[in-house]
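Asker: Please find one structure pasted underneath; my questions will follow.
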Amino acid sequence: MTVPFRWKLLGSYLLLILLLGGGLYLYLDQRMEALQRSVLQGELLTEAKLATLMAESGMRDLTRDAPAMATALGRAGSARVTIIARDGRVAGDSEVPPPALKELENHLDRPEVNAAFAGGTGQALRYSATLKTDMLYVAISFRTSGGPAVLRLALPLAAVNQAGRQMNTLLGAGLVSGLILAMLFSYILSRIMSHPLRLIADSAREIGRGNFRQRLAVLGSDELSEMATVMNDMSSRIETQMEKLEREKGRLDAILRGMGEGLMVTDSAGAITLVNPAFCELFGVSSTVVGRPLIEIARYPDLNACYRHASGERSEYHREIVISGIRERVLTTHWVPLMDQQKHLGVVAVFHDISDLKRLEKIRKEFVANVSHELKTPVTIIKGYAEALLDGLVISDPQRAVSFVEVIRNHADRQAELIGNLLTLAELESEEFTLELHPFDLEGVVRRAVSFLGPKSLERGVTVQVTGFTGLPPVLMDPSRMEQVFVNLLDNAVKYTIAGGKVEIRAEAEGERVKVTVRDHGPGIPPQSLTRVFERFYRVDEGRSREDGGNGLGLAIVKHLVHLHGGTISVESTPGHGSAFIFTLKKG
Ligand code: ADP
């Protein structure tokens, strides 16, 4: 339980007041009694002196006049009056009737009486067995015709004590009301005194909560105002530091957000303490993984093995890992243990996705292999036939020699076509390549393509039907490149349509675009190959394509050209029922 400072302050004030008040009360109690007694003694002495003067002048005979004198003096004053003869006999007493006087003890042994006979006055404080109370005695000697006598006044101390008690009650009441007043003032004072402390405490609490903007009012020049100044300085310094930290954090956050590489930091126990968005994307997790053990979030054994290696060996570690998922990815990972002196604080890991690089490398390798493969066969054939001609094997048969040369020329043509296609593709795929597009009518282009392939279709007995081009709005195109699109598509359609079959080329306007469909009634394309036919060197039936003089580049060129025209291309096919290549172009 916390006791507020003002209660402590109030408590200490009260303790002080109680100690002082109690001490004062005890002291005054003692002193007042003594004072009262001495005052009473003085008064009694004066009274006794007066009484002796009256006794001296008013008595002729001690034995005869003393009882009446004592009674008269007793009545006039408050004390008991006793007149004692020189032999100690009581001659008169204000409270004893004359006949009983002789029964009283001899008073010569009373100290005050003795002292009075010896020196004029005597005083004593003694317990009276007769009255059962403390008594104050004052005795003064005086002269009578019958010799010296002593007049003694006796006053019970009960009266003094009662006055003392009254005094004490008054003193007590005064002290209690003083205490109550003091308590009230102490309370107010403690509140006033503790107010700045409360403000300082509130300010410290606010600082604790992270509010460094508030400032304490500095009043006066005491220690508390000094403390307020220190607190203000402190919060202003913390505020500056926090702002600096915030800025640093903002910068770090921006760097982490902008980083292409995934970044992860763990503590020494393997719990994740920081990840950036790239990491979350790579591993398909959200930033809520922070605080969870790495082993729990990553079901990739390689990842955990790397972490264990880096934290166990406490040295930098590089490793390429593969993470499976919807898309398999290859990552290079760099693990750095975080060390402070010899203490292991955790691990920082950076993940770089090199899947694209790997893919490009694979494509490049495949491309080189494909090109070599494509070139190898015709080169081997050409070489074989040329060697046969050189060896003079067919010299005697000019007919065969001509056919050999024709074979050589055909394969040289195919090679030239392949090289031409490769050069076209390289040109189309280069980043800086663009087409100059202008509005033209498609009809002229399609007619030229059809007539270009006229001999081939005639040879195969395939009819080409062109519909919808007349009256079509112009489209944005490069006519010679667009002609190549039609030639390639039509060439395939004629090639794959059985003899006597029909190929249709249809055009129709669709909103801002013109849609062209090249449909044949050939064998069609299996569903698994539909997305791949636009890839370089992809062929559904390699042997057949090669036989037909295909090199697997025609559709790749078509796709690039359509895209360069700002259009889209797709293929629909039902095996056994032909294929339809559909592309769109923008209206001019
Ligand atoms: P190719 O020179 O081999 O014809 P393409 O790039 O033009 O190369 O075509 C790629 C592959 O797509 C072909 O080998 C063939 O298997 C398939 N293909 C293209 N057009 C058709 C079509 N009209 N009917 C059936 N298959 C086709």
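Ligands are numbered from 1 in the order shown, chains are lettered A, B, ... in the order of the structure tokens, and residues start at 1 in each chain.
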If you run DSSP over the backbone, which residues in range 491-557 of chain A end up strand (DSSP E or B)? Put them as a PyMOL selection string.

Answerer: chain A and resi 502-510+513-519

Asker: Store the residues of this selection in a file with C-alpha atoms, as a PDB file, in the first residue's frame.

Answerer:
ATOM      1  CA  LYS A 502     -11.193 -25.445 -95.242  1.00  0.00           C
ATOM      2  CA  VAL A 503      -9.539 -22.603 -93.365  1.00  0.00           C
ATOM      3  CA  GLU A 504     -11.559 -19.571 -92.321  1.00  0.00           C
ATOM      4  CA  ILE A 505     -10.225 -16.125 -91.567  1.00  0.00           C
ATOM      5  CA  ARG A 506     -12.901 -13.999 -89.987  1.00  0.00           C
ATOM      6  CA  ALA A 507     -12.775 -10.402 -88.729  1.00  0.00           C
ATOM      7  CA  GLU A 508     -15.320  -8.523 -86.620  1.00  0.00           C
ATOM      8  CA  ALA A 509     -15.361  -5.179 -84.811  1.00  0.00           C
ATOM      9  CA  GLU A 510     -15.741  -5.426 -81.027  1.00  0.00           C
ATOM     10  CA  ARG A 513     -11.008  -3.399 -81.022  1.00  0.00           C
ATOM     11  CA  VAL A 514     -11.132  -5.661 -84.059  1.00  0.00           C
ATOM     12  CA  LYS A 515     -11.130  -9.381 -83.442  1.00  0.00           C
ATOM     13  CA  VAL A 516      -9.562 -11.742 -86.018  1.00  0.00           C
ATOM     14  CA  THR A 517     -10.064 -15.545 -85.902  1.00  0.00           C
ATOM     15  CA  VAL A 518      -8.038 -17.986 -87.969  1.00  0.00           C
ATOM     16  CA  ARG A 519      -9.870 -21.288 -87.755  1.00  0.00           C
TER      17      ARG A 519
END

Asker: Ligand 1: which residues are within 9 Å, counting only C-alpha atoms and all ligand atoms, as a ChimeraX atom specification?

Answerer: /A:488-497,518-526,529-530,532-546,548-558,573,575,578-581

Asker: Tell me, as a count of residues only, which residues lie within 12 Å of His195 in chain A, counting only C-alpha atoms; anything in the same chain fewer than 3 positions away does not count.

Answerer: 17

Asker: Pick out each residue of range 105-189 of chain A that DSSP on the backbone tags as alpha helix (DSSP H); I need them as number ranges by chain.

Answerer: A: 111-119, 157-189

Asker: Give me, as a Markdown table, the closest atom pair and its distance (Å, one decimal) for every residue of range 56-125 of chain A within a cut-off of 12 Å of range 24-44 of chain A, counting only C-alpha atoms, rows sorted by chain and rising number.

Answerer:
| residue | atom | partner | partner_atom | distance |
| --- | --- | --- | --- | --- |
| A:Gly77 | CA | A:Leu44 | CA | 9.6 |
| A:Ser78 | CA | A:Leu44 | CA | 9.4 |
| A:Ala79 | CA | A:Leu44 | CA | 8.1 |
| A:Arg80 | CA | A:Leu44 | CA | 10.7 |
| A:Val81 | CA | A:Leu44 | CA | 11.0 |
| A:Thr121 | CA | A:Leu44 | CA | 11.8 |
| A:Gly122 | CA | A:Gln41 | CA | 11.1 |
| A:Gln123 | CA | A:Gln41 | CA | 8.4 |
| A:Ala124 | CA | A:Gln41 | CA | 9.7 |
| A:Leu125 | CA | A:Gln41 | CA | 10.0 |

Asker: Mind giving me the straight-line distance from CA of Glu328 in chain A to CA of Glu431 in chain A in Å, one decimal?

Answerer: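 Computed distance, CA of Glu328 in chain A to CA of Glu431 in chain A, equals 26.8 Å.
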
Asker: At a cut-off of 7 Å, using only C-alpha atoms, what residues contact Ala349 in chain A? Leave out same-chain residues fewer than 5 positions from it and give the result as a count of residues only.

Answerer: 7

Asker: Nearest to Ile207 in chain A among A:Leu151, A:Ala85, A:Leu219, A:Met242, with distances taken over only C-alpha atoms: which residue is it?

Answerer: A:Met242

Asker: Near Thr568 in chain A, counting only C-alpha atoms, which residues have an atom at most 9 Å away, once you skip same-chain residues fewer than 4 positions from it, shown as a PyMOL selection string?

Answerer: chain A and resi 559+562-563+582-585

Asker: Could you save the residues just selected, with C-alpha atoms, as an mmCIF file, in the first residue's frame?

Answerer:
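out33.cif, written as the output of this step:
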data_model
loop_
_atom_site.group_PDB
_atom_site.id
_atom_site.type_symbol
_atom_site.label_atom_id
_atom_site.label_comp_id
_atom_site.auth_asym_id
_atom_site.auth_seq_id
_atom_site.Cartn_x
_atom_site.Cartn_y
_atom_site.Cartn_z
ATOM 1 C CA LYS A 559 2.652 -13.541 -80.125
ATOM 2 C CA VAL A 562 0.453 -8.998 -81.705
ATOM 3 C CA HIS A 563 1.657 -7.700 -78.326
ATOM 4 C CA ILE A 582 -7.918 -15.421 -82.006
ATOM 5 C CA PHE A 583 -6.188 -12.072 -81.775
ATOM 6 C CA THR A 584 -7.337 -8.502 -81.289
ATOM 7 C CA LEU A 585 -6.024 -5.200 -82.649
#

Asker: For each of A:Arg460, A:His352, A:Arg292, A:Lys383, take the minimum atom-to-atom distance to Glu261 in chain A, counting only C-alpha atoms, then give the residue where this is smallest.

Answerer: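 Using only C-alpha atoms, the shortest distance to Glu261 in chain A belongs to A:His352.
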
Asker: Set the distance at 9 Å and use only C-alpha atoms: which residues neighbour Asp93 in chain A once local chain neighbours fewer than 6 positions away are removed? I'd like the list as a PyMOL selection string.

Answerer: chain A and resi 66-71+74+80-84+101
